[in-house]
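Worksheet for the structure shown next.
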Amino acid sequence: MRIGDASFFRIVDRLLSAGTGRTPKTRWSIDGVEWQRERHSYSGATHGFTIEVTTGNRLERPGWTLRVVKEYWRDGRGGSTRDLQWAHVEDGGRAEIIEWLKRQERALE
């Protein structure tokens with residue numbers, strides 16, 4: 001698994017679903033990592049988009065910060081034109097983040 005690849009997003013999507021639902025949470029915690037979600041939207045005559053930015057902060061050593069961004073683009077009629085997702089390590093080591101994600105994956109099985 002690498003940060004940003006398909007297996008990464010399969011695990012991240014399962015973890016972040018804890019904050020979704022009928023009334024999405026903006027803050028929650030999973031195994032020592034504090035998560036925060038922000039959502040930004042625009043809707044115009046010819047296009048619209050929603051950008052969801054979710055940031056995970058692990059404060060315990062080894063600490064890290066991971067930002068996950070999902071973009072949903074629509075045409076003026078509301079039809080989906082493009083969906084993008086990407087992730088960026090803001091602080092800390094990639095190896096520690098991957099190890100934490102693998103632990104979470106095992107716990108979900």
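Labels used: A, B, ... for chains in the order of the structure tokens, numbers from 1 for residues in each chain, and numbers from 1 for ligands as shown.
Near stretch 100-107 of chain A, within 12 Å and counting only C-alpha atoms, sit A:Met1, A:Arg2, A:Ile3, A:Ser7, A:Phe8, A:Phe9, A:Arg10, A:Ile11, A:Val12, A:Asp13, A:Arg14, A:Leu15, A:Leu16, A:Ile30, A:Asp31, A:Gly32, A:Val33, A:Gly56, A:Asn57, A:Arg58, A:Pro62, A:Gly63, A:Trp64, A:Leu66, A:Gly93, A:Arg94; same-chain residues fewer than 6 positions away were not included.
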Can you tell me which residues surround A:Gln36 at a distance of at most 10 Å, considering only C-alpha atoms, apart from same-chain residues fewer than 3 positions away, and format the answer as a list in words? Leu16, Gly19, Lys25, Thr26, Arg27, Trp28, Ser29, Val33, Val53, Thr54, Thr55, Gly56, Asn57 and Arg67 of chain A
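Non-sequential neighbours of A:Asp75 (distance at most 12 Å, separation of 3 or more positions within a chain, only C-alpha atoms) are Tyr42, Ser43, Gly44, Ala45, Thr46, His47, Gly48, Phe49, Thr50, Tyr72, Gly78, Gly79, Ser80, Thr81, Arg82 and Asp83 of chain A.
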Go ahead and save the picked residues with all heavy atoms, as a CSV table (one decimal), in the first residue's frame.
chain,number,residue,atom,x,y,z
A,42,TYR,N,-19.9,24.9,-4.2
A,42,TYR,CA,-20.3,26.0,-5.1
A,42,TYR,C,-21.2,25.4,-6.1
A,42,TYR,O,-21.0,24.3,-6.6
A,42,TYR,CB,-19.0,26.6,-5.8
A,42,TYR,CG,-19.4,27.5,-7.0
A,42,TYR,CD1,-19.8,28.8,-6.7
A,42,TYR,CD2,-19.5,27.1,-8.3
A,42,TYR,CE1,-20.2,29.7,-7.7
A,42,TYR,CE2,-19.8,27.9,-9.3
A,42,TYR,CZ,-20.2,29.2,-9.0
A,42,TYR,OH,-20.6,30.0,-10.0
A,43,SER,N,-22.3,26.2,-6.5
A,43,SER,CA,-23.2,25.7,-7.5
A,43,SER,C,-23.5,26.9,-8.4
A,43,SER,O,-24.0,28.0,-7.9
A,43,SER,CB,-24.5,25.2,-6.9
A,43,SER,OG,-25.3,24.7,-7.9
A,44,GLY,N,-23.2,26.8,-9.7
A,44,GLY,CA,-23.4,27.9,-10.6
A,44,GLY,C,-24.3,27.4,-11.8
A,44,GLY,O,-24.7,26.3,-11.8
A,45,ALA,N,-24.5,28.3,-12.7
A,45,ALA,CA,-25.3,28.0,-13.9
A,45,ALA,C,-24.7,26.9,-14.8
A,45,ALA,O,-25.4,26.1,-15.4
A,45,ALA,CB,-25.6,29.2,-14.7
A,46,THR,N,-23.3,26.9,-14.9
A,46,THR,CA,-22.7,26.0,-15.8
A,46,THR,C,-21.9,24.8,-15.1
A,46,THR,O,-21.6,23.8,-15.8
A,46,THR,CB,-21.7,26.7,-16.7
A,46,THR,OG1,-20.7,27.3,-15.9
A,46,THR,CG2,-22.4,27.8,-17.6
A,47,HIS,N,-21.7,25.0,-13.8
A,47,HIS,CA,-21.0,23.9,-13.1
A,47,HIS,C,-21.1,24.1,-11.6
A,47,HIS,O,-21.5,25.1,-11.1
A,47,HIS,CB,-19.5,23.9,-13.5
A,47,HIS,CG,-18.7,25.1,-13.0
A,47,HIS,ND1,-18.8,26.3,-13.5
A,47,HIS,CD2,-17.9,25.2,-11.9
A,47,HIS,CE1,-18.0,27.1,-12.8
A,47,HIS,NE2,-17.5,26.5,-11.8
A,48,GLY,N,-20.7,23.1,-10.9
A,48,GLY,CA,-20.7,23.1,-9.5
A,48,GLY,C,-19.7,22.1,-8.9
A,48,GLY,O,-19.2,21.2,-9.7
A,49,PHE,N,-19.3,22.3,-7.7
A,49,PHE,CA,-18.4,21.3,-7.1
A,49,PHE,C,-18.6,21.3,-5.6
A,49,PHE,O,-19.1,22.2,-5.0
A,49,PHE,CB,-16.9,21.7,-7.5
A,49,PHE,CG,-16.5,23.0,-7.0
A,49,PHE,CD1,-16.0,23.2,-5.7
A,49,PHE,CD2,-16.5,24.1,-7.8
A,49,PHE,CE1,-15.6,24.4,-5.3
A,49,PHE,CE2,-16.1,25.3,-7.4
A,49,PHE,CZ,-15.6,25.5,-6.1
A,50,THR,N,-18.1,20.2,-5.0
A,50,THR,CA,-18.0,20.0,-3.6
A,50,THR,C,-16.6,19.5,-3.3
A,50,THR,O,-16.2,18.6,-4.0
A,50,THR,CB,-19.1,19.0,-3.1
A,50,THR,OG1,-20.4,19.5,-3.4
A,50,THR,CG2,-18.9,18.8,-1.6
A,72,TYR,N,-15.8,16.6,-6.0
A,72,TYR,CA,-16.9,16.1,-6.8
A,72,TYR,C,-17.3,17.2,-7.7
A,72,TYR,O,-17.8,18.3,-7.2
A,72,TYR,CB,-18.0,15.7,-5.9
A,72,TYR,CG,-17.6,14.7,-4.8
A,72,TYR,CD1,-17.3,15.1,-3.5
A,72,TYR,CD2,-17.5,13.3,-5.1
A,72,TYR,CE1,-16.9,14.2,-2.5
A,72,TYR,CE2,-17.1,12.4,-4.1
A,72,TYR,CZ,-16.8,12.8,-2.9
A,72,TYR,OH,-16.4,11.9,-1.9
A,78,GLY,N,-26.4,19.2,-12.8
A,78,GLY,CA,-26.2,18.4,-11.6
A,78,GLY,C,-25.6,17.0,-11.9
A,78,GLY,O,-25.4,16.2,-11.0
A,79,GLY,N,-25.3,16.7,-13.2
A,79,GLY,CA,-24.7,15.5,-13.5
A,79,GLY,C,-23.2,15.5,-13.2
A,79,GLY,O,-22.5,16.5,-13.3
A,80,SER,N,-22.7,14.4,-12.7
A,80,SER,CA,-21.3,14.2,-12.3
A,80,SER,C,-20.4,14.3,-13.6
A,80,SER,O,-20.7,13.7,-14.6
A,80,SER,CB,-21.1,12.9,-11.6
A,80,SER,OG,-19.7,12.8,-11.3
A,81,THR,N,-19.4,15.2,-13.5
A,81,THR,CA,-18.5,15.3,-14.6
A,81,THR,C,-17.1,14.7,-14.3
A,81,THR,O,-16.4,14.2,-15.2
A,81,THR,CB,-18.3,16.8,-15.1
A,81,THR,OG1,-17.8,17.5,-14.0
A,81,THR,CG2,-19.6,17.3,-15.6
A,82,ARG,N,-16.7,14.8,-13.0
A,82,ARG,CA,-15.4,14.3,-12.6
A,82,ARG,C,-15.3,14.2,-11.1
A,82,ARG,O,-15.7,15.2,-10.4
A,82,ARG,CB,-14.3,15.2,-13.2
A,82,ARG,CG,-13.0,14.6,-12.9
A,82,ARG,CD,-11.9,15.3,-13.6
A,82,ARG,NE,-10.7,14.6,-13.4
A,82,ARG,CZ,-9.6,14.6,-14.2
A,82,ARG,NH1,-9.7,15.3,-15.3
A,82,ARG,NH2,-8.6,13.9,-13.9
A,83,ASP,N,-14.8,13.1,-10.6
A,83,ASP,CA,-14.5,13.0,-9.2
A,83,ASP,C,-13.0,12.7,-9.0
A,83,ASP,O,-12.5,11.9,-9.7
A,83,ASP,CB,-15.3,11.8,-8.6
A,83,ASP,CG,-16.8,12.1,-8.6
A,83,ASP,OD1,-17.2,13.2,-8.8
A,83,ASP,OD2,-17.6,11.1,-8.5
How many Å lie between atom CA of A:Leu108 and atom CA of A:Glu34, rounded to one decimal? 18.1 Å
